[in-house]
file protein-v8.cif (mmCIF, C-alpha atoms)
data_my_file
#
loop_
_atom_site.label_atom_id
_atom_site.label_comp_id
_atom_site.auth_asym_id
_atom_site.auth_seq_id
_atom_site.Cartn_x
_atom_site.Cartn_y
_atom_site.Cartn_z
CA MET A 885 -16.98 -12.49 -12.33
CA ALA A 886 -15.74 -11.31 -8.93
CA ASN A 887 -14.65 -7.87 -7.83
CA VAL A 888 -11.18 -8.14 -6.31
CA VAL A 889 -9.37 -6.26 -3.56
CA VAL A 890 -5.58 -6.40 -3.47
CA VAL A 891 -3.87 -5.84 -0.13
CA GLY A 892 -0.32 -6.18 1.10
CA ALA A 893 0.03 -9.15 3.46
CA GLN A 894 3.24 -7.88 5.10
CA TRP A 895 4.58 -4.37 5.77
CA GLY A 896 4.05 -3.08 2.25
CA ASP A 897 6.49 -3.07 -0.69
CA GLU A 898 5.38 -6.61 -1.62
CA GLY A 899 5.06 -5.91 -5.35
CA LYS A 900 1.41 -4.85 -5.46
CA GLY A 901 2.03 -2.56 -8.43
CA LYS A 902 2.97 -5.39 -10.78
CA ILE A 903 0.15 -7.63 -9.57
CA VAL A 904 -2.46 -4.87 -9.86
CA ASP A 905 -1.17 -4.07 -13.33
CA TRP A 906 -1.35 -7.77 -14.24
CA LEU A 907 -4.93 -8.00 -12.95
CA SER A 908 -5.97 -4.70 -14.52
CA ILE A 909 -5.94 -6.36 -17.93
CA GLU A 910 -9.23 -8.02 -16.94
CA ALA A 911 -10.53 -5.15 -14.79
CA ASP A 912 -12.68 -2.30 -16.04
CA VAL A 913 -12.10 -0.06 -13.02
CA VAL A 914 -9.15 0.29 -10.62
CA VAL A 915 -9.83 2.03 -7.28
CA ARG A 916 -7.39 3.36 -4.68
CA PHE A 917 -9.23 3.27 -1.33
CA GLN A 918 -6.76 4.45 1.36
CA GLY A 919 -3.40 6.06 2.02
CA GLY A 920 -1.82 8.89 0.12
CA HIS A 921 1.36 9.50 -1.83
CA ASN A 922 3.41 7.89 0.92
CA ALA A 923 3.32 4.47 -0.76
CA GLY A 924 4.87 3.82 -4.15
CA HIS A 925 4.12 1.27 -6.84
CA THR A 926 6.69 0.49 -9.52
CA LEU A 927 5.43 -0.92 -12.82
CA VAL A 928 7.61 -2.25 -15.64
CA ILE A 929 5.69 -2.44 -18.92
CA ASP A 930 7.44 -3.22 -22.20
CA GLY A 931 10.71 -2.10 -20.67
CA VAL A 932 9.32 1.24 -19.46
CA THR A 933 9.31 1.89 -15.72
CA TYR A 934 6.48 3.86 -14.15
CA LYS A 935 6.66 4.97 -10.52
CA LEU A 936 3.26 5.79 -9.05
CA SER A 937 2.48 6.92 -5.53
CA LEU A 938 -1.03 8.38 -5.63
CA LEU A 939 -2.60 7.41 -8.93
CA PRO A 940 -4.08 3.90 -9.23
CA SER A 941 -1.89 1.47 -11.17
CA GLY A 942 -4.58 1.06 -13.82
CA ILE A 943 -3.91 4.58 -15.07
CA VAL A 944 -1.14 3.34 -17.40
CA ARG A 945 -3.51 0.91 -19.14
CA PRO A 946 -5.70 2.31 -21.97
CA GLY A 947 -9.43 1.81 -21.59
CA LYS A 948 -9.41 1.52 -17.80
CA LEU A 949 -11.10 3.92 -15.40
CA SER A 950 -8.98 4.85 -12.38
CA VAL A 951 -10.67 6.17 -9.25
CA ILE A 952 -9.14 7.84 -6.20
CA GLY A 953 -11.65 7.07 -3.47
CA ASN A 954 -12.81 9.02 -0.46
CA GLY A 955 -10.56 6.98 1.83
CA VAL A 956 -7.45 8.49 0.22
CA VAL A 957 -5.85 11.73 1.43
CA VAL A 958 -4.90 13.74 -1.65
CA ASP A 959 -1.99 16.15 -1.96
CA PRO A 960 -3.34 18.29 -4.82
CA HIS A 961 0.09 19.55 -5.89
CA HIS A 962 1.51 16.04 -5.97
CA LEU A 963 -1.51 14.81 -7.93
CA VAL A 964 -0.96 17.42 -10.62
CA LYS A 965 2.78 16.69 -10.68
CA GLU A 966 2.28 12.93 -10.99
CA ILE A 967 -0.22 13.39 -13.82
CA ALA A 968 2.27 15.63 -15.65
CA ALA A 969 5.04 13.04 -15.23
CA LEU A 970 2.86 10.32 -16.75
CA ARG A 971 1.83 12.53 -19.65
CA ALA A 972 5.53 13.17 -20.33
CA LYS A 973 5.88 9.39 -20.82
CA GLY A 974 3.02 9.32 -23.29
CA VAL A 975 0.25 8.19 -20.90
CA THR A 976 -3.13 9.81 -21.46
CA VAL A 977 -4.72 11.17 -18.28
CA ASN A 978 -8.04 12.99 -18.44
CA ARG A 979 -11.56 12.81 -17.07
CA ASP A 980 -12.28 9.81 -19.28
CA ASN A 981 -9.87 7.62 -17.29
CA LEU A 982 -9.45 9.37 -13.92
CA ARG A 983 -11.96 10.45 -11.28
CA VAL A 984 -11.31 11.76 -7.77
CA ALA A 985 -13.83 11.49 -4.96
CA GLU A 986 -15.42 14.82 -4.11
CA ASN A 987 -15.20 14.00 -0.39
CA ALA A 988 -11.52 13.04 -0.34
CA PRO A 989 -9.54 15.16 2.18
CA LEU A 990 -6.64 17.29 0.98
CA ILE A 991 -3.06 17.28 2.23
CA LEU A 992 -1.70 20.80 2.64
CA SER A 993 1.76 22.19 3.36
CA ILE A 994 0.83 22.60 7.03
CA HIS A 995 0.34 18.83 7.22
CA ARG A 996 3.76 18.13 5.75
CA GLU A 997 5.41 20.63 8.09
CA LEU A 998 3.68 19.22 11.16
CA ASP A 999 4.62 15.67 10.13
CA ALA A 1000 8.29 16.65 9.85
CA LEU A 1001 8.29 18.67 13.07
CA ARG A 1002 6.95 15.75 15.06
CA GLU A 1003 9.24 13.13 13.54
CA ASN A 1004 12.38 15.24 13.76
CA SER A 1005 11.70 16.25 17.35
CA ALA A 1006 10.98 12.69 18.51
CA ALA A 1007 13.56 10.81 20.54
CA ALA A 1008 15.47 8.16 18.60
CA GLY A 1009 13.53 5.26 20.09
CA SER A 1010 10.13 6.85 19.55
CA LYS A 1011 10.36 7.78 15.87
CA ILE A 1012 7.56 6.23 13.83
CA GLY A 1013 9.39 6.18 10.50
CA THR A 1014 6.88 8.41 8.70
CA THR A 1015 7.62 9.60 5.16
CA MET A 1016 6.87 13.13 6.42
CA ARG A 1017 4.48 13.75 3.54
CA GLY A 1018 1.64 14.89 5.75
CA ILE A 1019 -0.45 11.73 5.63
CA GLY A 1020 -1.00 11.34 9.38
CA PRO A 1021 -1.87 14.97 10.12
CA ALA A 1022 -4.29 15.01 7.16
CA TYR A 1023 -6.12 11.96 8.54
CA GLU A 1024 -6.18 13.63 11.97
CA ASP A 1025 -7.95 16.63 10.47
CA LYS A 1026 -10.40 14.35 8.70
CA VAL A 1027 -11.34 12.65 11.97
CA GLY A 1028 -11.32 16.03 13.74
CA ARG A 1029 -13.91 17.30 11.22
CA ARG A 1030 -11.79 20.23 10.10
CA ALA A 1031 -10.33 18.92 6.80
CA ILE A 1032 -10.45 20.81 3.53
CA ARG A 1033 -11.90 18.37 0.99
CA VAL A 1034 -11.82 18.27 -2.80
CA MET A 1035 -15.35 19.63 -3.08
CA ASP A 1036 -14.40 22.67 -1.01
CA LEU A 1037 -12.25 23.92 -3.88
CA ALA A 1038 -15.48 24.51 -5.80
CA GLU A 1039 -17.25 26.29 -2.92
CA LEU A 1040 -15.30 29.49 -2.50
CA ALA A 1041 -18.11 31.18 -0.55
CA THR A 1042 -17.56 28.84 2.39
CA LEU A 1043 -13.86 28.07 1.94
CA ASP A 1044 -12.60 30.90 4.16
CA ALA A 1045 -14.62 29.72 7.14
CA LYS A 1046 -13.31 26.19 6.69
CA ILE A 1047 -9.72 27.40 6.46
CA ASP A 1048 -10.21 29.46 9.63
CA ARG A 1049 -11.49 26.41 11.50
CA LEU A 1050 -8.49 24.39 10.28
CA LEU A 1051 -6.02 27.09 11.29
CA THR A 1052 -7.48 27.48 14.78
CA HIS A 1053 -6.11 24.00 15.41
CA HIS A 1054 -2.89 24.18 13.42
CA ASN A 1055 -1.76 27.61 14.54
CA ALA A 1056 -2.11 26.52 18.15
CA LEU A 1057 0.22 23.61 17.34
CA ARG A 1058 2.63 25.89 15.51
CA ARG A 1059 2.80 28.24 18.48
CA GLY A 1060 3.66 25.24 20.61
CA PHE A 1061 6.54 24.40 18.27
CA GLY A 1062 7.65 28.03 18.27
CA ILE A 1063 7.17 28.58 14.53
CA ALA A 1064 5.26 31.21 12.59
CA GLU A 1065 1.52 30.96 12.24
CA ILE A 1066 -0.15 30.46 8.85
CA THR A 1067 -2.63 32.91 7.38
CA ARG A 1068 -5.85 32.19 5.57
CA GLU A 1069 -4.42 33.91 2.50
CA ALA A 1070 -1.42 31.55 2.45
CA ILE A 1071 -3.69 28.51 2.27
CA ARG A 1072 -5.79 30.10 -0.45
CA ASP A 1073 -2.65 30.97 -2.44
CA GLU A 1074 -1.42 27.39 -2.06
CA LEU A 1075 -4.64 25.92 -3.44
CA ALA A 1076 -5.34 28.43 -6.22
CA PRO A 1077 -2.80 27.16 -8.83
CA VAL A 1078 -4.07 23.57 -8.78
CA ALA A 1079 -7.73 23.92 -7.85
CA GLN A 1080 -9.20 23.90 -11.34
CA GLU A 1081 -7.21 20.91 -12.55
CA VAL A 1082 -8.12 18.87 -9.47
CA LEU A 1083 -11.76 19.85 -9.84
CA SER A 1084 -11.75 18.66 -13.45
CA TYR A 1085 -11.48 15.09 -12.13
CA MET A 1086 -13.93 15.46 -9.22
CA ASP A 1087 -16.94 13.18 -9.13
CA ARG A 1088 -19.50 11.58 -6.82
CA THR A 1089 -17.48 8.40 -7.04
CA TRP A 1090 -19.54 6.29 -4.64
CA SER A 1091 -22.50 6.66 -7.00
CA LEU A 1092 -20.39 6.15 -10.12
CA LEU A 1093 -18.88 2.96 -8.74
CA GLU A 1094 -22.25 1.56 -7.71
CA ASP A 1095 -23.61 2.18 -11.22
CA LEU A 1096 -20.59 0.45 -12.74
CA ARG A 1097 -20.95 -2.47 -10.33
CA ARG A 1098 -24.61 -2.90 -11.25
CA ASP A 1099 -23.64 -2.83 -14.93
CA GLY A 1100 -21.39 -5.83 -14.31
CA LYS A 1101 -18.09 -3.99 -14.64
CA ARG A 1102 -15.13 -5.69 -12.98
CA ILE A 1103 -13.71 -3.56 -10.18
CA LEU A 1104 -10.20 -3.94 -8.80
CA PHE A 1105 -9.59 -2.30 -5.41
CA GLU A 1106 -5.95 -1.36 -4.92
CA GLY A 1107 -4.59 -0.99 -1.41
CA ALA A 1108 -1.43 0.82 -0.38
CA GLN A 1109 1.11 -0.19 2.29
CA GLY A 1110 0.40 -3.55 3.94
CA ALA A 1111 -1.91 -5.11 6.51
CA LEU A 1112 0.81 -5.01 9.18
CA LEU A 1113 0.78 -1.21 8.86
CA ASP A 1114 -2.98 -1.02 9.55
CA ILE A 1115 -3.84 1.59 12.19
CA ASP A 1116 -5.86 -1.03 14.13
CA HIS A 1117 -4.32 -4.38 13.23
CA GLY A 1118 -0.70 -3.46 12.54
CA THR A 1119 2.42 -3.11 14.67
CA TYR A 1120 1.08 -0.04 16.48
CA PRO A 1121 2.35 2.67 16.85
CA PHE A 1122 4.73 1.92 13.98
CA VAL A 1123 1.89 1.95 11.46
CA THR A 1124 0.33 4.16 8.84
CA SER A 1125 -2.68 6.39 9.56
CA SER A 1126 -5.38 4.46 7.71
CA ASN A 1127 -6.97 1.03 7.66
CA THR A 1128 -5.01 -1.01 5.15
CA VAL A 1129 -6.93 -4.28 5.61
CA ALA A 1130 -9.33 -5.45 2.91
CA ALA A 1131 -12.51 -4.37 4.71
CA ASN A 1132 -11.60 -0.73 4.09
CA ALA A 1133 -12.00 -1.24 0.35
CA ALA A 1134 -15.72 -0.79 0.89
CA THR A 1135 -15.54 2.17 3.27
CA GLY A 1136 -12.79 3.90 1.34
CA SER A 1137 -14.64 3.71 -1.96
CA GLY A 1138 -18.22 4.23 -0.81
CA LEU A 1139 -19.45 0.81 -1.88
CA GLY A 1140 -21.13 -1.72 0.37
CA PRO A 1141 -19.13 -4.68 1.70
CA LYS A 1142 -20.86 -7.10 -0.66
CA ALA A 1143 -19.11 -5.39 -3.56
CA VAL A 1144 -15.90 -7.25 -2.65
CA GLN A 1145 -15.96 -10.94 -3.54
CA TYR A 1146 -12.28 -11.97 -3.57
CA VAL A 1147 -9.36 -10.77 -1.43
CA LEU A 1148 -5.90 -11.26 -2.89
CA GLY A 1149 -3.01 -10.78 -0.48
CA ILE A 1150 0.45 -9.95 -1.80
CA ALA A 1151 3.44 -11.44 -0.01
CA LYS A 1152 7.12 -11.59 -0.85
CA ALA A 1153 8.94 -14.91 -0.65
CA TYR A 1154 10.91 -13.27 2.16
CA THR A 1155 10.10 -10.31 4.44
CA THR A 1156 11.02 -6.63 4.28
CA ARG A 1157 10.19 -3.55 6.25
CA VAL A 1158 11.09 0.10 5.69
CA GLY A 1159 11.33 2.48 8.62
CA GLU A 1160 11.01 1.84 12.33
CA GLY A 1161 9.17 -0.83 14.29
CA PRO A 1162 9.38 -4.50 15.29
CA PHE A 1163 10.64 -7.09 12.81
CA PRO A 1164 11.05 -10.51 14.48
CA ALA A 1165 12.63 -12.27 11.47
CA GLU A 1166 14.99 -9.44 10.53
CA LEU A 1167 18.49 -10.49 9.44
CA LYS A 1168 21.15 -7.96 10.40
CA ASP A 1169 23.91 -9.97 8.74
CA ALA A 1170 25.34 -10.76 5.33
CA THR A 1171 22.28 -12.84 4.40
CA GLY A 1172 19.95 -9.92 5.08
CA GLN A 1173 22.19 -7.65 3.05
CA LEU A 1174 22.26 -10.16 0.20
CA LEU A 1175 18.44 -10.34 0.13
CA GLY A 1176 18.31 -6.55 -0.06
CA GLU A 1177 20.83 -6.40 -2.89
CA ARG A 1178 19.20 -9.13 -4.94
CA GLY A 1179 15.72 -7.75 -4.38
CA HIS A 1180 16.72 -4.12 -5.01
CA GLU A 1181 15.09 -3.28 -1.73
CA PHE A 1182 14.79 0.48 -1.71
CA GLY A 1183 11.55 2.39 -1.12
CA THR A 1184 9.83 3.68 -4.27
CA VAL A 1185 8.81 6.92 -2.55
CA THR A 1186 11.60 7.52 -0.03
CA GLY A 1187 14.56 5.65 -1.48
CA ARG A 1188 15.26 4.28 1.99
CA ALA A 1189 16.90 0.85 2.20
CA ARG A 1190 14.47 -1.80 3.39
CA ARG A 1191 15.26 -4.09 6.28
CA CYS A 1192 15.24 -7.74 5.15
CA GLY A 1193 14.64 -11.14 6.71
CA TRP A 1194 13.36 -14.65 6.11
CA PHE A 1195 9.69 -15.27 5.33
CA ASP A 1196 7.59 -14.86 8.48
CA ALA A 1197 4.64 -17.24 8.25
CA VAL A 1198 3.29 -16.13 11.64
CA LEU A 1199 2.71 -12.61 10.38
CA VAL A 1200 1.19 -13.58 7.05
CA ARG A 1201 -1.05 -16.19 8.69
CA GLN A 1202 -2.33 -13.39 10.92
CA THR A 1203 -3.00 -11.02 8.01
CA VAL A 1204 -4.78 -13.82 6.13
CA LYS A 1205 -7.27 -13.73 8.99
CA THR A 1206 -7.53 -9.98 9.56
CA SER A 1207 -8.03 -9.27 5.85
CA GLY A 1208 -10.03 -12.39 4.99
CA ILE A 1209 -7.50 -13.29 2.30
CA ASP A 1210 -8.71 -15.89 -0.20
CA GLY A 1211 -5.44 -16.34 -2.07
CA ILE A 1212 -1.86 -15.09 -2.13
CA ALA A 1213 0.19 -13.56 -4.91
CA PHE A 1214 3.69 -14.74 -4.00
CA THR A 1215 6.35 -12.38 -5.36
CA LYS A 1216 10.13 -12.24 -5.79
CA LEU A 1217 10.65 -15.98 -5.58
CA ASP A 1218 13.70 -15.52 -7.81
CA VAL A 1219 15.49 -13.57 -5.07
CA LEU A 1220 15.86 -16.86 -3.17
CA ASP A 1221 17.66 -18.61 -6.05
CA GLY A 1222 21.03 -20.09 -5.12
CA PHE A 1223 20.64 -20.50 -1.37
CA ASP A 1224 21.69 -23.90 -0.01
CA GLU A 1225 18.94 -23.67 2.57
CA LEU A 1226 16.13 -21.30 3.47
CA LYS A 1227 14.46 -20.56 6.75
CA VAL A 1228 10.83 -19.77 7.50
CA CYS A 1229 9.63 -18.33 10.79
CA VAL A 1230 6.88 -20.68 11.99
CA ALA A 1231 6.32 -19.46 15.57
CA TYR A 1232 7.64 -17.07 18.22
CA LYS A 1233 9.04 -17.51 21.66
CA LEU A 1234 7.84 -14.91 24.16
CA ASP A 1235 9.22 -15.03 27.70
CA GLY A 1236 9.81 -18.78 27.36
CA GLU A 1237 6.37 -19.53 25.88
CA ILE A 1238 5.82 -20.56 22.24
CA ILE A 1239 3.06 -18.53 20.56
CA ASP A 1240 1.59 -18.56 17.04
CA TYR A 1241 0.65 -14.86 16.72
CA LEU A 1242 2.20 -11.42 16.98
CA PRO A 1243 1.09 -9.87 20.29
CA ALA A 1244 -0.56 -6.45 20.23
CA SER A 1245 1.64 -5.07 23.00
CA GLN A 1246 4.50 -2.92 21.75
CA ALA A 1247 6.75 -4.17 24.53
CA ALA A 1248 5.91 -7.80 23.81
CA GLN A 1249 6.49 -7.31 20.08
CA ALA A 1250 10.00 -6.13 20.87
CA ARG A 1251 10.70 -9.27 22.93
CA VAL A 1252 9.45 -12.01 20.62
CA GLU A 1253 12.09 -14.33 19.19
CA PRO A 1254 11.61 -16.15 15.87
CA ILE A 1255 11.47 -19.95 15.71
CA TYR A 1256 12.65 -21.16 12.31
CA GLU A 1257 12.05 -24.18 10.16
CA THR A 1258 14.81 -24.97 7.68
CA ILE A 1259 13.84 -25.79 4.09
CA GLU A 1260 16.04 -27.05 1.27
CA GLY A 1261 17.11 -24.37 -1.21
CA TRP A 1262 17.71 -24.67 -4.96
CA LYS A 1263 20.53 -23.85 -7.35
CA ASP A 1264 18.58 -23.54 -10.61
CA THR A 1265 17.00 -20.22 -11.45
CA THR A 1266 13.31 -19.42 -11.07
CA ARG A 1267 13.63 -16.00 -12.70
CA GLY A 1268 11.26 -15.59 -15.62
CA ALA A 1269 9.42 -18.86 -14.98
CA ARG A 1270 5.90 -18.85 -16.40
CA SER A 1271 4.70 -22.34 -15.46
CA TRP A 1272 5.18 -24.80 -12.62
CA ALA A 1273 7.19 -26.98 -15.00
CA ASP A 1274 9.80 -24.20 -15.23
CA LEU A 1275 10.43 -24.26 -11.46
CA PRO A 1276 12.98 -26.39 -9.60
CA ALA A 1277 11.34 -29.09 -7.49
CA ALA A 1278 12.73 -27.55 -4.30
CA ALA A 1279 11.15 -24.18 -5.18
CA ILE A 1280 7.76 -25.84 -5.59
CA LYS A 1281 8.19 -27.54 -2.22
CA TYR A 1282 9.00 -24.16 -0.66
CA VAL A 1283 5.83 -22.60 -2.06
CA ARG A 1284 3.69 -25.55 -0.94
CA ARG A 1285 5.11 -25.40 2.58
CA VAL A 1286 4.35 -21.67 2.75
CA GLU A 1287 0.76 -22.37 1.72
CA GLU A 1288 0.42 -24.87 4.58
CA LEU A 1289 1.90 -22.49 7.13
CA ILE A 1290 -0.19 -19.42 6.26
CA GLY A 1291 -3.47 -21.22 5.63
CA ALA A 1292 -4.07 -19.78 2.16
CA PRO A 1293 -3.31 -21.01 -1.37
CA VAL A 1294 -0.96 -19.27 -3.79
CA ALA A 1295 -3.11 -17.87 -6.59
CA LEU A 1296 -0.31 -16.17 -8.53
CA LEU A 1297 3.46 -16.60 -8.47
CA SER A 1298 5.71 -13.76 -9.64
CA THR A 1299 9.24 -14.57 -10.80
CA SER A 1300 10.52 -11.17 -12.00
CA PRO A 1301 9.36 -7.52 -12.20
CA GLU A 1302 8.07 -8.11 -15.75
CA ARG A 1303 4.29 -8.49 -15.94
CA SER A 1304 4.46 -11.58 -18.15
CA ASP A 1305 6.72 -13.47 -15.75
CA THR A 1306 3.78 -14.66 -13.67
CA ILE A 1307 2.43 -18.14 -13.03
CA LEU A 1308 -1.35 -18.14 -12.77
CA VAL A 1309 -2.77 -20.78 -10.46
CA HIS A 1310 -6.20 -19.25 -9.90
CA ASN A 1311 -7.69 -16.17 -11.55
CA PRO A 1312 -9.20 -14.00 -8.77
CA PHE A 1313 -11.68 -12.46 -11.21
CA ARG A 1314 -13.13 -15.89 -11.91
CA ASP A 1315 -13.85 -16.83 -8.31
#

call {"tool": "encode", "arguments": {"input": "protein-v8.cif", "output": "structure tokens"}}
result
Amino acid sequence: MANVVVVGAQWGDEGKGKIVDWLSIEADVVVRFQGGHNAGHTLVIDGVTYKLSLLPSGIVRPGKLSVIGNGVVVDPHHLVKEIAALRAKGVTVNRDNLRVAENAPLILSIHRELDALRENSAAAGSKIGTTMRGIGPAYEDKVGRRAIRVMDLAELATLDAKIDRLLTHHNALRRGFGIAEITREAIRDELAPVAQEVLSYMDRTWSLLEDLRRDGKRILFEGAQGALLDIDHGTYPFVTSSNTVAANAATGSGLGPKAVQYVLGIAKAYTTRVGEGPFPAELKDATGQLLGERGHEFGTVTGRARRCGWFDAVLVRQTVKTSGIDGIAFTKLDVLDGFDELKVCVAYKLDGEIIDYLPASQAAQARVEPIYETIEGWKDTTRGARSWADLPAAAIKYVRRVEELIGAPVALLSTSPERSDTILVHNPFRD
């Protein structure tokens, strides 16, 4: 039995929630290892829709342990609110099925305010497209060694000194923006109402996970966003503030790299992106609008409409390499039903030269032009298909061509938001 890490192979919003939920049936533990509540997962189970943004997707499944790892930045107020929302839908959440890493950094109101100040004051062409939920500033404080962490809520004797160190930095920034400084008491008052509930889930999760691994428990590592939003390997600076590639599953959970045996990348049958940044295969026409309408392409967290385009094999081929992807879960194939023909981006043209990668330069990324290959479409529906025999021949040809272009096999094929509408080609847990 392999431990599996699930990562987005595009710019996020690929349908990881459904796939993680599908895989969680065989998992014993589901671990979030990076990001914060800036990335949403939508699950549809027995007709009930659950929208998660911080809690691991396994939380809605009885008998599974969900872990928020040290690589996640945790907004304590949002955590409490999300738990309450799930309980209102009849989901049990307690220490038996949820643990939070003691060394996970906290997101505070000063992080959200700073995030919004920066984004709203940026010139139109330099906006990053942040959700303004404080994720970036919280990671900055982590790296700057001034973060308030979960464990600090239990150490009141030293909390004041840590708040003072944090505010030395933030109040200098606030003075620069011409806004009022924050007091130590304000931070304490912000944390007091939620401290005890958050602490009730706190654990030394790196040790817990290692014990579970040694006991042969199956661990599913759940990433947020997508590999193209990775702070190192994504379309910088239009990226998130953490490492979203598969290697961070180890660092962000406290386990060694050998704990991950199979990497499953999630990719839509077309491409979407929310927010700012380069998008070589973007369609700013009726076809792009149609993809968005059919795919219900609106952000789970922000509600923002997603930009849409044809499948970009160059990008996914690149993320297959940077994340060491073993297999792909191919989602939303049904959105392509009814097209006479489909296009796949197979290369780029940059200043007259044909290249097979996305350049790291921001200026070069803005200049690349997509080179398309045309593939026959299909009129019959793929929606709800649960076996290859249910698929039109042209749809199978499309999937096989994508496999060739990205250099990775399709392990799962999703044909609707429902968990059961999934074609299993290879079970990642049985690597």

call {"tool": "resolve_selection", "arguments": {"input": "protein-v8.cif", "expression": "the PyMOL selection byres ((chain A and resi 1267) around 7)", "output": "PyMOL selection string"}}
result
chain A and resi 1218+1265-1266+1268-1269+1299-1300

call {"tool": "closest_atom_pairs", "arguments": {"input": "protein-v8.cif", "of": "segment 912-968 of chain A", "to": "segment 1034-1057 of chain A", "cutoff": "12 Å", "atoms": "all atoms listed in the file", "output": "Markdown table"}}
result
| residue | atom | partner | partner_atom | distance |
| --- | --- | --- | --- | --- |
| A:Ile952 | CA | A:Val1034 | CA | 11.3 |
| A:Gly953 | CA | A:Val1034 | CA | 11.2 |
| A:Asn954 | CA | A:Val1034 | CA | 9.6 |
| A:Val956 | CA | A:Val1034 | CA | 11.1 |
| A:Val957 | CA | A:Val1034 | CA | 9.8 |
| A:Val958 | CA | A:Val1034 | CA | 8.4 |
| A:Asp959 | CA | A:Val1034 | CA | 10.1 |
| A:Pro960 | CA | A:Val1034 | CA | 8.7 |

call {"tool": "resolve_selection", "arguments": {"input": "protein-v8.cif", "expression": "the PyMOL selection byres ((chain A and resi 1278) around 12)", "output": "list in words"}}
result
Leu1217, Leu1220, Asp1221, Gly1222, Phe1223, Asp1224, Glu1225, Leu1226, Ile1259, Glu1260, Gly1261, Trp1262, Lys1263, Asp1264, Thr1265, Thr1266, Trp1272, Asp1274, Leu1275, Pro1276, Ala1277, Ala1279, Ile1280, Lys1281, Tyr1282, Val1283, Arg1284 and Arg1285 of chain A

call {"tool": "resolve_selection", "arguments": {"input": "protein-v8.cif", "expression": "the PyMOL selection byres ((chain A and resi 1301) around 10)", "output": "list of chain:residue names"}}
result
A:Gly899, A:Gly901, A:Lys902, A:Ile903, A:Thr926, A:Leu927, A:Val928, A:Ile929, A:Thr1215, A:Lys1216, A:Arg1267, A:Gly1268, A:Ser1298, A:Thr1299, A:Ser1300, A:Glu1302, A:Arg1303, A:Ser1304, A:Asp1305, A:Thr1306

call {"tool": "atom_distance", "arguments": {"input": "protein-v8.cif", "atom1": "atom CA of Asp980 of chain A", "atom2": "atom CA of Ile1032 of chain A"}}
result
25.4 Å

call {"tool": "closest_residue", "arguments": {"input": "protein-v8.cif", "among": "A:Val915, A:Leu963, A:Ala1248, A:Ala972", "to": "Tyr934 of chain A", "atoms": "only C-alpha atoms"}}
result
A:Ala972

call {"tool": "atom_distance", "arguments": {"input": "protein-v8.cif", "atom1": "atom CA of Arg1178 of chain A", "atom2": "atom CA of Ile1290 of chain A"}}
result
24.6 Å

call {"tool": "atom_distance", "arguments": {"input": "protein-v8.cif", "atom1": "atom CA of Leu990 of chain A", "atom2": "atom CA of Asn1132 of chain A"}}
result
18.9 Å
